[in-house]
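One structure is given here, and the rest of the page talks about it.
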Amino acid sequence: MTEAEAKARIEKLATVIDDYRYHYHVLDESIMSEAAADSLKHELSQLEAEFPMLASPDSPTQRVAGRALDKFEKVTHKSPMMSLHDVFNKDELEAWVRRIDKLVPGQIHEYFCDIKMDGFACSLVYQDGALQAAVTRGDSLVGEDVTINVRTIENVPITLRRAVGYEAFLVGRCEIRGEIVMLKKDFEALNQAREAANLPPFANPRNLAAGTIRQLDPKLVAERPLNFRAYDILFDQPDLLPTNQAAYQTIAALGLVVNKQTNVAATVADVLAFAGEWETKRASLPFNTDGLVVKINDRALFETLGVVGKTPRGAVAYKYAAEQATTVVKDIVISIGRTGAATPVAVFDPVVVAGSTVRHASLHNADEIKRKDIRVGDTVIIYKAGDIIPQVERVLTELRPADAKTFLMEKELYRQYPELVFERPEGEAVYRVKNTSGLLLLKRALQHFASKAALDINTLGEKNVAALVDSGLVKDLADIYLLSRADIIGLDRFAELSADKLVEAVAKKRNPPLQRFIYGLGIRHVGTQTAIDLAQHFKKLDRLGLATYTELKSIEGVGEVVADAILGWFVDDDNQALLTKFRSIGVWPKDITHTGGRLNSVSFAMTGSLTAMSRDEAADKIRALGGVFHSSVTKGTNYLVMGANAGEAKADKARQLGTEVINEQKLLELLS
């Protein structure tokens, strides 16, 4: 065969083999048997070996793995490979749409939906139609050049397919992004082969795909059946790609695989219907998935919306509810219920399980912790019992850190509640507060709630509290807001006038200042100043209830013991029920909404007494103007107010620190 004849034969073979590859991988059609295709590839490789000057870099034979690398080179993406913001339900999806509506009001949106693949993100760069580079996502800005490995993936075209109407994409730079996945059938076959060879099975397809593509030896990569599925295309002529639907059509025409399970939705309801359909049918998909990708279909509008951090505003990942999730136990706190029972609770960073966010799980009792060997620092599997109550299924001991802390119930009871005495009655699994009934705990809690530093309900003294609790009219703190004149008059100690005063006094405190309400809840170790600090930091009670251990510890004055106490209070089921009841009857603290004022960030301390107002009233006025009030003088204190009968200790410290000392008249001028 002459060189000219070999050249013509090589070109024809390459065309037929590429056509076979396109029909097989992209269209899921077979135009010839696999054996026939292998025979053509074999002939092509022989001709190229005989006429090496005719071997082209984009030949189908060039998928053969090359030499092993010492390392992967870093490559900066021309455009960041961004991740997506996750949404988990209808409300979060609608909230995303409302944010878009605020940015581009009056526009009707179309949504392009695709199955979210559980794979390894990669970008393919083609120059004049030929594969130039394959780059991993990396940190979204800089990835690794894995071209030598990606060239071994059978369904990645070495050259883009020439299709009528799409010729423009074969000129210049064209970037196609997608996921490298291992199909479920290939993963199962690979594991069966490993088991037959007495080798341990691989854990999951996604990790295997990621680990494979980052192997330095491309021969190993070539032995594993990887698959590339595209989801985006970047090209310098955006008018050729008006919608994401058109982008998918273009990608397929150029010879790459895109998912066929796509949908253009006109409404959020249509998106949810599509999501529901594939949540039911996802087991039938060839790859693993945990949800959908939902994008604004109009690509010009998508670009206009821009990005927030590393996520585009115009797309979200709609995640299916996970039945299980893993998380790390940050702490184990002890919750004291209304009957005095002590319950250990695991606290961890927020994790989504079965469609809702979980931050804690009851560990029930000391015996259960010992049985499951749960330690602080352990990675645990969380599930929902009956799809409602978060539970710890088991510990992943293979991930246990060397400094994991064993939980000792009696030691922790003493550390977290040093002023209480606990006992474990014979035959019971639960520790309880010794010599304390549930009614006594309620009376103490209600007296604290009504105290001057808390809600300041002066008609709820010790004896009135006892009468209300003993009568059964008040079973929790919220019940005082449900009392009527008729309820109270029949009780000992209450006549018409005193009953009216109580109902009126309670009614005035339905929406107290946030710091007073926090203090009034009676969270252990949370005094008036700590309540103020928490209110100033979180601004809303709901935000305090969602705080993590790390966030609490970051607040000045909140140490390990206080953080434990706060977490323990908010994870208690009885306390959560109480907050729900408060909200349902219209009792809720005021949010802190001011963003500044005349005294914005100015810090005050005080010593002695004032004549024009009480110390608490002065502190409230300072905070209302954006100032900060502390009980002691610190380096950051701007003013020390010296009232009547003031001691010299704070004044001496103020002079040492350079804090300005003012009198009551100067304070009134600052407040007026």
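In the structure tokens, the first chain shown is A, the next is B, and so on; residue numbers restart at 1 for each chain, and ligands run from 1 in the order shown.
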
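DSSP, applied to the backbone of this structure, assigns alpha helix (DSSP H) to the following residues of region 311-405 of chain A: Ala366, Asp367, Glu368, Ile369, Lys370, Arg371 and Lys372 of chain A.
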
Keeping only C-alpha atoms, take the residues you just selected and write them out as a CSV table (one decimal), in the first residue's frame.
```
chain,number,residue,atom,x,y,z
A,366,ALA,CA,-25.7,6.9,79.9
A,367,ASP,CA,-26.2,3.2,79.2
A,368,GLU,CA,-27.1,4.0,75.5
A,369,ILE,CA,-23.9,6.1,75.1
A,370,LYS,CA,-21.8,3.3,76.6
A,371,ARG,CA,-23.5,0.7,74.4
A,372,LYS,CA,-22.9,2.6,71.2
```

Which residues come within 10 Å of Leu272 (chain A), counting only C-alpha atoms, excluding same-chain residues fewer than 3 positions away, as a PDB file with N, CA and C atoms, in the first residue's frame?
```pdb
ATOM      1  N   ASN A  89     -36.315  22.003  49.510  1.00  0.00           N
ATOM      2  CA  ASN A  89     -37.769  21.861  49.530  1.00  0.00           C
ATOM      3  C   ASN A  89     -38.419  22.970  48.713  1.00  0.00           C
ATOM      4  N   LYS A  90     -39.739  22.918  48.653  1.00  0.00           N
ATOM      5  CA  LYS A  90     -40.522  23.880  47.878  1.00  0.00           C
ATOM      6  C   LYS A  90     -40.292  25.310  48.363  1.00  0.00           C
ATOM      7  N   LEU A  93     -36.915  26.611  47.235  1.00  0.00           N
ATOM      8  CA  LEU A  93     -36.911  26.836  45.784  1.00  0.00           C
ATOM      9  C   LEU A  93     -37.661  28.120  45.453  1.00  0.00           C
ATOM     10  N   ALA A 265     -39.130  23.912  32.254  1.00  0.00           N
ATOM     11  CA  ALA A 265     -40.310  24.123  33.094  1.00  0.00           C
ATOM     12  C   ALA A 265     -40.700  25.591  33.081  1.00  0.00           C
ATOM     13  N   THR A 267     -42.960  26.899  35.396  1.00  0.00           N
ATOM     14  CA  THR A 267     -43.284  27.339  36.748  1.00  0.00           C
ATOM     15  C   THR A 267     -42.527  26.505  37.774  1.00  0.00           C
ATOM     16  N   VAL A 268     -42.519  27.001  39.003  1.00  0.00           N
ATOM     17  CA  VAL A 268     -41.921  26.242  40.101  1.00  0.00           C
ATOM     18  C   VAL A 268     -42.658  24.929  40.294  1.00  0.00           C
ATOM     19  N   ALA A 269     -43.978  24.963  40.113  1.00  0.00           N
ATOM     20  CA  ALA A 269     -44.777  23.731  40.249  1.00  0.00           C
ATOM     21  C   ALA A 269     -44.321  22.683  39.245  1.00  0.00           C
ATOM     22  N   ALA A 275     -39.068  17.064  39.582  1.00  0.00           N
ATOM     23  CA  ALA A 275     -38.223  16.550  40.666  1.00  0.00           C
ATOM     24  C   ALA A 275     -38.864  15.338  41.321  1.00  0.00           C
ATOM     25  N   GLY A 276     -40.166  15.414  41.563  1.00  0.00           N
ATOM     26  CA  GLY A 276     -40.867  14.294  42.181  1.00  0.00           C
ATOM     27  C   GLY A 276     -40.866  13.054  41.316  1.00  0.00           C
ATOM     28  N   GLU A 277     -41.006  13.262  40.003  1.00  0.00           N
ATOM     29  CA  GLU A 277     -41.002  12.123  39.073  1.00  0.00           C
ATOM     30  C   GLU A 277     -39.673  11.373  39.144  1.00  0.00           C
ATOM     31  N   TRP A 278     -38.560  12.138  39.137  1.00  0.00           N
ATOM     32  CA  TRP A 278     -37.257  11.475  39.099  1.00  0.00           C
ATOM     33  C   TRP A 278     -36.761  11.040  40.472  1.00  0.00           C
ATOM     34  N   LEU A 292     -31.615  17.476  41.443  1.00  0.00           N
ATOM     35  CA  LEU A 292     -31.672  18.128  40.131  1.00  0.00           C
ATOM     36  C   LEU A 292     -30.781  19.361  40.128  1.00  0.00           C
ATOM     37  N   TYR A 318     -31.307  21.303  43.490  1.00  0.00           N
ATOM     38  CA  TYR A 318     -32.454  20.859  44.296  1.00  0.00           C
ATOM     39  C   TYR A 318     -32.141  19.453  44.790  1.00  0.00           C
TER      40      TYR A 318
END
```

(message) What's around region 72-82 of chain A at 12 Å? Count only C-alpha atoms, leave out sequence neighbours fewer than 3 positions away in its own chain, and write the answer as an NGL selection string.
(response) :A and (68-69 or 85 or 121-125 or 133-149 or 173-179 or 213-218 or 231-236 or 306-316)

(request) Show which residues sit within 7 Å of Ala346 (chain A), as a PyMOL selection string. Count only C-alpha atoms, and ignore same-chain residues fewer than 3 positions away. (result) chain A and resi 329+331-333+360-363

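Counting from CA of Ala445 (chain A), the distance to CA of Gly520 (chain A) is 8.3 Å.
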
Mind dumping a table of every region 342-441 of chain A residue within 12 Å of region 473-477 of chain A, with the nearest atom pair and its distance in Å to one decimal, using only C-alpha atoms, sorted by chain and rising number, as CSV?
```
residue,atom,partner,partner_atom,distance
A:Gly438,CA,A:Lys475,CA,9.8
A:Leu439,CA,A:Lys475,CA,8.4
A:Leu440,CA,A:Lys475,CA,11.4
A:Leu441,CA,A:Asp476,CA,10.3
```

So that I have them on file, write out the residues from the current selection with N, CA and C atoms, as a PDB file, in the first residue's frame.
```pdb
ATOM      1  N   GLY A 438     -41.136  18.207  89.893  1.00  0.00           N
ATOM      2  CA  GLY A 438     -41.381  19.026  88.716  1.00  0.00           C
ATOM      3  C   GLY A 438     -42.075  20.331  89.061  1.00  0.00           C
ATOM      4  N   LEU A 439     -42.994  20.313  90.057  1.00  0.00           N
ATOM      5  CA  LEU A 439     -43.703  21.531  90.448  1.00  0.00           C
ATOM      6  C   LEU A 439     -42.755  22.541  91.074  1.00  0.00           C
ATOM      7  N   LEU A 440     -41.807  22.068  91.861  1.00  0.00           N
ATOM      8  CA  LEU A 440     -40.848  22.983  92.475  1.00  0.00           C
ATOM      9  C   LEU A 440     -39.970  23.644  91.413  1.00  0.00           C
ATOM     10  N   LEU A 441     -39.544  22.861  90.417  1.00  0.00           N
ATOM     11  CA  LEU A 441     -38.744  23.422  89.325  1.00  0.00           C
ATOM     12  C   LEU A 441     -39.541  24.476  88.562  1.00  0.00           C
TER      13      LEU A 441
END
```

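The interatomic distance for the pair CA of Lys184 (chain A) and CA of Gly291 (chain A) works out to 16.6 Å.
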
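Considering the residues A:Asp616, A:Asp542, A:Glu669, A:Glu428 and counting only C-alpha atoms, Arg516 (chain A) has its shortest atom-to-atom contact with A:Asp616.
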
(message) Please determine, counting only C-alpha atoms, which residue among A:Pro418, A:Arg510, A:Ile457, A:Asp114 has the shortest atom-to-atom distance to His525 (chain A).
(response) A:Pro418

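For the pair CA of Asn458 (chain A) and CA of Leu578 (chain A), the separation is 22.3 Å.
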
(message) Residues near Ile251 (chain A), anyone? I mean within 12 Å using only C-alpha atoms, not counting same-chain ones fewer than 2 positions away, as JSON, numbers by chain.
(response) {"A": [22, 26, 124, 156, 157, 160, 161, 162, 163, 166, 169, 170, 174, 175, 176, 177, 178, 229, 230, 231, 232, 233, 234, 235, 241, 244, 245, 246, 247, 248, 249, 253, 254, 255, 256, 257, 258, 259]}

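Taking only C-alpha atoms into account, Asp564 (chain A) lies nearest to A:Pro344 out of the set A:Pro344, A:Pro52, A:Gly172, A:Pro57.
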
(message) To test your reading of the structure, identify every residue in region 346-506 of chain A that backbone DSSP assigns to strand (DSSP E or B), and report it as a ChimeraX atom specification.
(response) /A:346-353,356-362,375-376,379-385,389-395,405-406,422-423,431-433

(message) Using only C-alpha atoms, which protein or nucleic acid residues come within 8 Å of Lys650 (chain A)? Drop anything in the same chain fewer than 5 positions from it, and give the result as an NGL selection string.
(response) :A and (607 or 632-633 or 640)

(message) Which residues are close to Glu3 (chain A), i.e. within 9 Å by only C-alpha atoms, leaving aside same-chain residues fewer than 5 positions away? Reply as a VMD selection string.
(response) chain A and resid 8 51 54

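Between Asp349 (chain A) and the residues A:Arg415, A:Ala547, A:Phe187, A:Ala197, the shortest atom-to-atom distance, using only C-alpha atoms, involves A:Ala547.
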
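Across A:Val345, A:Ile115, A:Ile17, A:Ile566, the tightest approach to Arg282 (chain A) is made by A:Ile115 when counting only C-alpha atoms.
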